[in-house]
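Some notes on the structure that comes next.
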Amino acid sequence: MQYGAFLFLYPLSALVLLRVHGDGGAEQLAFTTFEIFMLVLFAPLMLKFVVGLSIALWHPIVEQRRARKWSANAAPKVSVLIPAWNEEVGIAAAMLSVMQADYPDLELIAIDDGSTDGTYEQIKRVAARFRGDRQLGRRDIRFRRVRNGGKARALNTALKLATGEIVVTIDADSLVERQAIGNLVKHFADPKVASVAGNVAIGNRNGCIGLIQQLEYLFGFYFKRADGMLNAVYIVGGAAAAYRRSILIEAGGFDVTIITEDIELSTRLQALGFKVRYAPDATIFTEGPSDFRSLCLQRLRWKYGRILTFLKFRCLFFSLEPDHNKFLTLFVLPVTVYCEVLLILAPFLLVTFYAHALTAGGLNALTYVVASGAIVTLLQIASDRNSRYHCNLLVLAPVAWAIFYFVDTIEYQALIRSLYRLAIKRGPSWQRWQRRGVFGDKQIDSPQVTASRRRPKLRRA
């Protein structure tokens with residue numbers, strides 16, 4: 001049973017709550033001096049959490065007001081770019097999901113980045129199937145095979161072929177919800193918007209690692225609502241990203257020197273003074289790593305690339321320039337770096353905290369963590385557009401606080417290894433893992449996506 005690995009966490013959550021109640025109830029909820037110190041230490045992180053949660057709650061109201069403006073705008077042509085390297089397992093399903101999208105005028109451009117498997121044959125097969133299909137409306141498929149040069153270079157090749165006013169990028173292991181492209185595009189009714197981040201959800205949620213990532217993605221993208229409302233989005237993941245093509249070309253396209261070209265580009269657009277938004281109703285399902293080692297390698301790449309991006313755009317931190325968003329420069333970015341500092345100190349802080357809790361009976365702070373983790377998880381599931389898809393996470397709400405300790409462990413190893421690699425000046429390489437397709441071995445037909453069964457295959461992350 002996929003939930004079996006979490007069973008021991010439920011008694012632990014109950015023990016924390018019952019310990020406080022049994023030791024005196026409300027009177028024992030007063031914080032000790034040590035707990036107050038810990039609260040002060042983590043105050044910036046908690047402030048970011050509270051501010052993000054408070055603002056995100058208003059997101060539906062703001063979106064309804066903006067919708068009046070969007071509905072009056074015609075749908076511009078969209079170019080969907082899919083770079084692929086050894087993606088024969090999922091590339092066909094990804095292309096099919098784009099071609100079946102509910103958007104009138106689009107083109108799909110697939111770039112095979114020197115694959116050594118059957119990726120190129122799969123691309124040609126899908127292209128042959130849809131060429132000349134008048135029922136799909138104004139759309140076309142173009143593809144090209146290039147010598148292996150990395151994802152950013154493949155995207156730049158596709159960008160040169162694109163003719164749409166809006167460019168959407170997705171990964172070759174992803175599936176696009178039918179309404180996702182239209183929901184991304186409507187944000188460009190504001191001429192100052194240069195990029196829009198989509199809502200990425202984990203498709204392969206079977207197994208312990210899959211469930212953890214599903215919960216993590218749900219949590220992280222929920223708070224992106226607040227960043228989107230305040231134009232403070234600095235990470236637009238390549239699995240679900242939209243750009244205004246003219247601005248993207250003017251900005252110089254995708255950076256081939258940084259391994260996380262998507263993080264670099266979205267931060268660069270912020271540095272240039274453009275608006276970056278978030279579309280929670282533009283869902284794209286992606287396949288995450290299915291084992292611990294692959295997950296660690298993926299987060300190493302993300303962490304290393306984000307550090308390089310921060311170093312490159314350090315001018316954004318505490319910037320008072322008129323073109324820079326103050327909420328981003330004075331709050332979001334500094335607190336993000338502060339959280340990384342806390343992460344380095346995490347082993348010492350956790351040992352000290354739990355030693356105090358066990359010896360002095362101070363479990364009050366942890367009680368609030370357990371309760372808030374469960375409440376916020378339930379809120380996020382209920383407010384997500386695909387709440388039915390995430391209903392399987394309801395049983396994890398009481399132990400969400402403990403699951404995020406596991407996530408922090410993954411992030412910790414990624415940070416330490418990234419700092420080491422920066423010191424020795426050796427960046428991480430692209431990793432490979434077993435692929436099964438976004439929805440594993442199951443055939444799923446839904447209003448959002450259609451996935452196909454394929455055999456596992458090694459690929460690059």
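Within each chain, counting starts at residue 1; across the structure tokens, chains are named A, B, ... in the order shown, with ligands numbered 1 upward in that order.
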>> If you run DSSP on the backbone here, which positions in segment 86-273 of chain A get strand (DSSP E or B)? Please write them as a PyMOL selection string.
In response: chain A and resi 105-113+138-146+166-169+174-176+193-202+241-244
Okay, now the selection with N, CA and C atoms, as a tab-separated table (two decimals), in the first residue's frame?
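The result, stored in again.tsv:
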```tsv
chain	number	residue	atom	x	y	z
A	105	ASP	N	-5.84	28.65	-32.26
A	105	ASP	CA	-4.75	28.94	-33.19
A	105	ASP	C	-3.40	28.68	-32.52
A	106	LEU	N	-2.81	27.53	-32.83
A	106	LEU	CA	-1.51	27.21	-32.23
A	106	LEU	C	-0.67	26.37	-33.18
A	107	GLU	N	0.62	26.39	-32.93
A	107	GLU	CA	1.55	25.53	-33.63
A	107	GLU	C	2.43	24.84	-32.59
A	108	LEU	N	2.81	23.61	-32.90
A	108	LEU	CA	3.66	22.83	-32.01
A	108	LEU	C	5.01	22.64	-32.68
A	109	ILE	N	6.07	22.96	-31.96
A	109	ILE	CA	7.42	22.82	-32.48
A	109	ILE	C	8.20	21.90	-31.55
A	110	ALA	N	8.55	20.72	-32.05
A	110	ALA	CA	9.29	19.74	-31.26
A	110	ALA	C	10.72	19.67	-31.77
A	111	ILE	N	11.66	19.74	-30.84
A	111	ILE	CA	13.09	19.69	-31.18
A	111	ILE	C	13.71	18.46	-30.53
A	112	ASP	N	14.20	17.55	-31.37
A	112	ASP	CA	14.91	16.38	-30.86
A	112	ASP	C	16.37	16.75	-30.68
A	113	ASP	N	16.80	16.82	-29.42
A	113	ASP	CA	18.16	17.28	-29.10
A	113	ASP	C	19.15	16.12	-29.13
A	138	ARG	N	-6.85	25.93	-36.68
A	138	ARG	CA	-5.61	26.51	-37.21
A	138	ARG	C	-4.43	26.08	-36.35
A	139	ARG	N	-3.79	24.99	-36.74
A	139	ARG	CA	-2.64	24.52	-36.00
A	139	ARG	C	-1.77	23.65	-36.89
A	140	ASP	N	-0.52	23.53	-36.51
A	140	ASP	CA	0.42	22.77	-37.32
A	140	ASP	C	1.49	22.21	-36.41
A	141	ILE	N	2.19	21.18	-36.90
A	141	ILE	CA	3.30	20.59	-36.18
A	141	ILE	C	4.56	20.73	-37.02
A	142	ARG	N	5.60	21.27	-36.39
A	142	ARG	CA	6.91	21.32	-37.03
A	142	ARG	C	7.92	20.68	-36.10
A	143	PHE	N	8.93	20.07	-36.67
A	143	PHE	CA	9.93	19.41	-35.84
A	143	PHE	C	11.28	19.45	-36.53
A	144	ARG	N	12.30	19.30	-35.71
A	144	ARG	CA	13.66	19.33	-36.24
A	144	ARG	C	14.55	18.50	-35.33
A	145	ARG	N	15.54	17.87	-35.93
A	145	ARG	CA	16.52	17.10	-35.17
A	145	ARG	C	17.84	17.83	-35.22
A	146	VAL	N	18.43	18.11	-34.06
A	146	VAL	CA	19.69	18.84	-33.99
A	146	VAL	C	20.71	18.03	-33.20
A	166	ILE	N	2.61	34.45	-28.70
A	166	ILE	CA	2.89	33.91	-27.38
A	166	ILE	C	3.62	32.58	-27.54
A	167	VAL	N	4.66	32.37	-26.74
A	167	VAL	CA	5.43	31.12	-26.75
A	167	VAL	C	5.18	30.39	-25.45
A	168	VAL	N	4.80	29.12	-25.55
A	168	VAL	CA	4.59	28.26	-24.38
A	168	VAL	C	5.60	27.13	-24.43
A	169	THR	N	6.28	26.88	-23.31
A	169	THR	CA	7.21	25.76	-23.25
A	169	THR	C	6.67	24.71	-22.28
A	174	SER	N	5.52	15.75	-19.99
A	174	SER	CA	4.36	16.42	-19.40
A	174	SER	C	3.11	16.24	-20.25
A	175	LEU	N	1.97	16.45	-19.63
A	175	LEU	CA	0.68	16.43	-20.31
A	175	LEU	C	-0.06	17.72	-20.00
A	176	VAL	N	-0.64	18.32	-21.04
A	176	VAL	CA	-1.28	19.62	-20.91
A	176	VAL	C	-2.78	19.46	-20.74
A	193	VAL	N	2.87	42.32	-19.15
A	193	VAL	CA	3.18	40.95	-18.73
A	193	VAL	C	4.10	40.30	-19.76
A	194	ALA	N	5.25	39.83	-19.30
A	194	ALA	CA	6.21	39.18	-20.19
A	194	ALA	C	6.17	37.67	-20.10
A	195	SER	N	5.75	37.15	-18.93
A	195	SER	CA	5.77	35.70	-18.72
A	195	SER	C	4.68	35.31	-17.73
A	196	VAL	N	4.20	34.07	-17.89
A	196	VAL	CA	3.18	33.52	-17.00
A	196	VAL	C	3.57	32.10	-16.64
A	197	ALA	N	3.55	31.80	-15.35
A	197	ALA	CA	3.84	30.44	-14.88
A	197	ALA	C	2.56	29.64	-14.78
A	198	GLY	N	2.60	28.40	-15.23
A	198	GLY	CA	1.46	27.52	-15.10
A	198	GLY	C	1.51	26.74	-13.79
A	199	ASN	N	0.46	25.99	-13.53
A	199	ASN	CA	0.33	25.20	-12.31
A	199	ASN	C	0.78	23.77	-12.60
A	200	VAL	N	1.93	23.39	-12.09
A	200	VAL	CA	2.49	22.07	-12.36
A	200	VAL	C	2.04	21.09	-11.27
A	201	ALA	N	1.52	19.95	-11.69
A	201	ALA	CA	1.09	18.91	-10.76
A	201	ALA	C	1.82	17.61	-11.10
A	202	ILE	N	2.10	16.82	-10.07
A	202	ILE	CA	2.78	15.54	-10.29
A	202	ILE	C	1.79	14.52	-10.84
A	241	ALA	N	5.35	27.10	-18.84
A	241	ALA	CA	5.76	28.50	-18.93
A	241	ALA	C	5.25	29.12	-20.21
A	242	ALA	N	4.86	30.38	-20.13
A	242	ALA	CA	4.43	31.13	-21.31
A	242	ALA	C	5.17	32.46	-21.35
A	243	TYR	N	5.53	32.90	-22.55
A	243	TYR	CA	6.28	34.13	-22.72
A	243	TYR	C	5.72	34.92	-23.90
A	244	ARG	N	5.84	36.24	-23.81
A	244	ARG	CA	5.56	37.08	-24.97
A	244	ARG	C	6.79	36.99	-25.88
```
> Which neighbours of Asp323 of chain A fall inside 9 Å, counting only C-alpha atoms, when residues of the same chain fewer than 5 positions from it are skipped, and could you give them as number ranges by chain?
Replying inline: A: 270-274
> Which residues come within 12 Å of Asp281 of chain A, counting only C-alpha atoms, excluding same-chain residues fewer than 2 positions away, as a PyMOL selection string?
Replying inline: chain A and resi 59-60+63+176-187+196-201+221-222+225+240+278-279+283-284+383-387+448
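Summary of the local environment: counting only C-alpha atoms, residues at most 7 Å from Asn206 of chain A, other than itself and those fewer than 3 positions away along its chain, are A:Gln2, A:Gly210, A:Leu211.
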> For the atom pair atom CA of Gly90 of chain A and atom CA of Asp173 of chain A, what is the interatomic distance in Å to one decimal place?
Replying inline: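 Atom-to-atom, atom CA of Gly90 of chain A to atom CA of Asp173 of chain A, that is 5.1 Å.
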Would you mind listing, for every residue of segment 67-166 of chain A within 12 Å of segment 255-264 of chain A, the two atoms forming the shortest contact and the distance between them in Å to one decimal, using only C-alpha atoms, sorted by chain and ascending residue number, as JSON lines?
```
{"residue": "A:Gly149", "atom": "CA", "partner": "A:Val256", "partner_atom": "CA", "distance": 8.9}
{"residue": "A:Gly150", "atom": "CA", "partner": "A:Val256", "partner_atom": "CA", "distance": 7.6}
{"residue": "A:Lys151", "atom": "CA", "partner": "A:Val256", "partner_atom": "CA", "distance": 8.0}
{"residue": "A:Ala152", "atom": "CA", "partner": "A:Val256", "partner_atom": "CA", "distance": 5.1}
{"residue": "A:Arg153", "atom": "CA", "partner": "A:Val256", "partner_atom": "CA", "distance": 6.0}
{"residue": "A:Ala154", "atom": "CA", "partner": "A:Val256", "partner_atom": "CA", "distance": 9.5}
{"residue": "A:Leu155", "atom": "CA", "partner": "A:Val256", "partner_atom": "CA", "distance": 9.6}
{"residue": "A:Asn156", "atom": "CA", "partner": "A:Asp255", "partner_atom": "CA", "distance": 8.9}
{"residue": "A:Thr157", "atom": "CA", "partner": "A:Val256", "partner_atom": "CA", "distance": 11.7}
```
Suppose we keep N, CA and C atoms; can you now write the selection as a PDB file, in the first residue's frame?
```
ATOM      1  N   GLY A 149      22.937  19.533 -27.686  1.00  0.00           N
ATOM      2  CA  GLY A 149      23.588  20.736 -27.177  1.00  0.00           C
ATOM      3  C   GLY A 149      22.963  21.264 -25.904  1.00  0.00           C
ATOM      4  N   GLY A 150      22.001  20.524 -25.347  1.00  0.00           N
ATOM      5  CA  GLY A 150      21.369  20.964 -24.114  1.00  0.00           C
ATOM      6  C   GLY A 150      19.989  21.552 -24.341  1.00  0.00           C
ATOM      7  N   LYS A 151      19.228  21.593 -23.271  1.00  0.00           N
ATOM      8  CA  LYS A 151      17.831  22.033 -23.351  1.00  0.00           C
ATOM      9  C   LYS A 151      17.699  23.488 -23.795  1.00  0.00           C
ATOM     10  N   ALA A 152      18.523  24.378 -23.252  1.00  0.00           N
ATOM     11  CA  ALA A 152      18.426  25.797 -23.593  1.00  0.00           C
ATOM     12  C   ALA A 152      18.696  26.028 -25.080  1.00  0.00           C
ATOM     13  N   ARG A 153      19.701  25.347 -25.607  1.00  0.00           N
ATOM     14  CA  ARG A 153      20.012  25.506 -27.028  1.00  0.00           C
ATOM     15  C   ARG A 153      18.885  24.951 -27.900  1.00  0.00           C
ATOM     16  N   ALA A 154      18.285  23.843 -27.471  1.00  0.00           N
ATOM     17  CA  ALA A 154      17.152  23.295 -28.218  1.00  0.00           C
ATOM     18  C   ALA A 154      15.976  24.259 -28.201  1.00  0.00           C
ATOM     19  N   LEU A 155      15.726  24.899 -27.059  1.00  0.00           N
ATOM     20  CA  LEU A 155      14.644  25.875 -26.965  1.00  0.00           C
ATOM     21  C   LEU A 155      14.911  27.080 -27.855  1.00  0.00           C
ATOM     22  N   ASN A 156      16.154  27.521 -27.921  1.00  0.00           N
ATOM     23  CA  ASN A 156      16.491  28.651 -28.794  1.00  0.00           C
ATOM     24  C   ASN A 156      16.287  28.289 -30.262  1.00  0.00           C
ATOM     25  N   THR A 157      16.576  27.047 -30.603  1.00  0.00           N
ATOM     26  CA  THR A 157      16.327  26.588 -31.973  1.00  0.00           C
ATOM     27  C   THR A 157      14.839  26.630 -32.281  1.00  0.00           C
TER      28      THR A 157
END
```
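If only C-alpha atoms are the atoms counted, then among A:Glu340, A:Gln380, A:Ala423, A:Val395 the closest residue to Glu216 of chain A is A:Gln380.
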Residues within 10 Å of Phe327 of chain A, only C-alpha atoms, excluding chain neighbours under 5 positions, as a JSON list (two decimals) with C-alpha atoms, in the first residue's frame:
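Output file around_27.json follows:
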```json
[["chain", "number", "residue", "atom", "x", "y", "z"],
["A", 227, "ASP", "CA", 3.59, 36.09, -5.71],
["A", 230, "LEU", "CA", 2.13, 41.06, -6.36],
["A", 231, "ASN", "CA", 4.32, 40.47, -9.44],
["A", 232, "ALA", "CA", 6.94, 38.68, -7.37],
["A", 318, "PHE", "CA", 17.22, 45.15, -1.70],
["A", 332, "VAL", "CA", 10.76, 37.60, -1.16],
["A", 333, "LEU", "CA", 14.38, 37.29, -2.34]]
```
> For Tyr103 of chain A, which residue among A:Leu394, A:Leu350, A:Val80, A:Val89 is the nearest when counting only C-alpha atoms?
Replying inline: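 The closest residue to Tyr103 of chain A is A:Val80.
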> Please, what distance in Å, to one decimal, runs between atom CA of Phe292 of chain A and atom CA of Pro347 of chain A?
Replying inline: 19.7 Å
> Per DSSP on the backbone, what are the alpha helix (DSSP H) residues of segment 170-275 of chain A, as JSON, numbers by chain?
Replying inline: {"A": [180, 181, 182, 183, 184, 185, 208, 209, 210, 211, 212, 213, 214, 215, 216, 217, 218, 219, 220, 221, 222, 223, 224, 225, 226, 227, 228, 229, 245, 246, 247, 248, 249, 250, 261, 262, 263, 264, 265, 266, 267, 268, 269, 270, 271]}
> What does the distance between atom CA of Leu393 of chain A and atom CA of Leu415 of chain A come to in Å, to one decimal place?
Replying inline: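 Straight-line distance from atom CA of Leu393 of chain A to atom CA of Leu415 of chain A works out to 27.6 Å.
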> Any idea what's packed within 10 Å of Ala414 of chain A, counting only C-alpha atoms, ignoring anything in its chain fewer than 2 positions away? Could you give it as number ranges by chain?
Replying inline: A: 295-304, 408-412, 416-420
Write a file of the just-selected residues containing N, CA and C atoms, as a PDB file, in the first residue's frame.
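The result, written out as part_35.pdb:
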```pdb
ATOM      1  N   LEU A 295      15.547  11.861  -7.107  1.00  0.00           N
ATOM      2  CA  LEU A 295      15.004  13.087  -6.527  1.00  0.00           C
ATOM      3  C   LEU A 295      16.123  13.970  -5.986  1.00  0.00           C
ATOM      4  N   CYS A 296      17.101  13.359  -5.328  1.00  0.00           N
ATOM      5  CA  CYS A 296      18.240  14.120  -4.812  1.00  0.00           C
ATOM      6  C   CYS A 296      19.020  14.790  -5.941  1.00  0.00           C
ATOM      7  N   LEU A 297      19.225  14.088  -7.026  1.00  0.00           N
ATOM      8  CA  LEU A 297      19.964  14.642  -8.152  1.00  0.00           C
ATOM      9  C   LEU A 297      19.200  15.773  -8.819  1.00  0.00           C
ATOM     10  N   GLN A 298      17.881  15.607  -8.934  1.00  0.00           N
ATOM     11  CA  GLN A 298      17.070  16.672  -9.530  1.00  0.00           C
ATOM     12  C   GLN A 298      17.154  17.946  -8.708  1.00  0.00           C
ATOM     13  N   ARG A 299      17.030  17.820  -7.372  1.00  0.00           N
ATOM     14  CA  ARG A 299      17.055  19.005  -6.524  1.00  0.00           C
ATOM     15  C   ARG A 299      18.449  19.622  -6.460  1.00  0.00           C
ATOM     16  N   LEU A 300      19.478  18.815  -6.629  1.00  0.00           N
ATOM     17  CA  LEU A 300      20.834  19.355  -6.730  1.00  0.00           C
ATOM     18  C   LEU A 300      20.936  20.300  -7.922  1.00  0.00           C
ATOM     19  N   ARG A 301      20.418  19.856  -9.046  1.00  0.00           N
ATOM     20  CA  ARG A 301      20.456  20.697 -10.253  1.00  0.00           C
ATOM     21  C   ARG A 301      19.666  21.979 -10.042  1.00  0.00           C
ATOM     22  N   TRP A 302      18.484  21.868  -9.456  1.00  0.00           N
ATOM     23  CA  TRP A 302      17.661  23.056  -9.217  1.00  0.00           C
ATOM     24  C   TRP A 302      18.363  24.029  -8.263  1.00  0.00           C
ATOM     25  N   LYS A 303      18.893  23.486  -7.174  1.00  0.00           N
ATOM     26  CA  LYS A 303      19.510  24.342  -6.170  1.00  0.00           C
ATOM     27  C   LYS A 303      20.756  25.034  -6.733  1.00  0.00           C
ATOM     28  N   TYR A 304      21.574  24.277  -7.426  1.00  0.00           N
ATOM     29  CA  TYR A 304      22.798  24.830  -8.000  1.00  0.00           C
ATOM     30  C   TYR A 304      22.458  25.935  -9.000  1.00  0.00           C
ATOM     31  N   ASP A 408      12.766  18.741   3.412  1.00  0.00           N
ATOM     32  CA  ASP A 408      13.896  19.565   3.873  1.00  0.00           C
ATOM     33  C   ASP A 408      15.214  18.789   3.821  1.00  0.00           C
ATOM     34  N   THR A 409      15.146  17.488   4.078  1.00  0.00           N
ATOM     35  CA  THR A 409      16.348  16.658   3.987  1.00  0.00           C
ATOM     36  C   THR A 409      16.881  16.629   2.563  1.00  0.00           C
ATOM     37  N   ILE A 410      15.977  16.508   1.599  1.00  0.00           N
ATOM     38  CA  ILE A 410      16.363  16.524   0.190  1.00  0.00           C
ATOM     39  C   ILE A 410      16.982  17.875  -0.172  1.00  0.00           C
ATOM     40  N   GLU A 411      16.346  18.949   0.300  1.00  0.00           N
ATOM     41  CA  GLU A 411      16.851  20.282   0.007  1.00  0.00           C
ATOM     42  C   GLU A 411      18.196  20.524   0.695  1.00  0.00           C
ATOM     43  N   TYR A 412      18.366  19.969   1.873  1.00  0.00           N
ATOM     44  CA  TYR A 412      19.617  20.144   2.613  1.00  0.00           C
ATOM     45  C   TYR A 412      20.792  19.522   1.856  1.00  0.00           C
ATOM     46  N   ILE A 416      24.077  21.618   0.367  1.00  0.00           N
ATOM     47  CA  ILE A 416      25.457  21.324   0.750  1.00  0.00           C
ATOM     48  C   ILE A 416      26.273  20.900  -0.472  1.00  0.00           C
ATOM     49  N   ARG A 417      25.705  20.053  -1.303  1.00  0.00           N
ATOM     50  CA  ARG A 417      26.421  19.596  -2.492  1.00  0.00           C
ATOM     51  C   ARG A 417      26.613  20.731  -3.495  1.00  0.00           C
ATOM     52  N   SER A 418      25.636  21.642  -3.565  1.00  0.00           N
ATOM     53  CA  SER A 418      25.764  22.782  -4.479  1.00  0.00           C
ATOM     54  C   SER A 418      26.886  23.708  -4.036  1.00  0.00           C
ATOM     55  N   LEU A 419      26.944  23.984  -2.735  1.00  0.00           N
ATOM     56  CA  LEU A 419      28.008  24.848  -2.227  1.00  0.00           C
ATOM     57  C   LEU A 419      29.382  24.216  -2.442  1.00  0.00           C
ATOM     58  N   TYR A 420      29.449  22.901  -2.265  1.00  0.00           N
ATOM     59  CA  TYR A 420      30.718  22.195  -2.513  1.00  0.00           C
ATOM     60  C   TYR A 420      31.113  22.298  -3.982  1.00  0.00           C
TER      61      TYR A 420
END
```
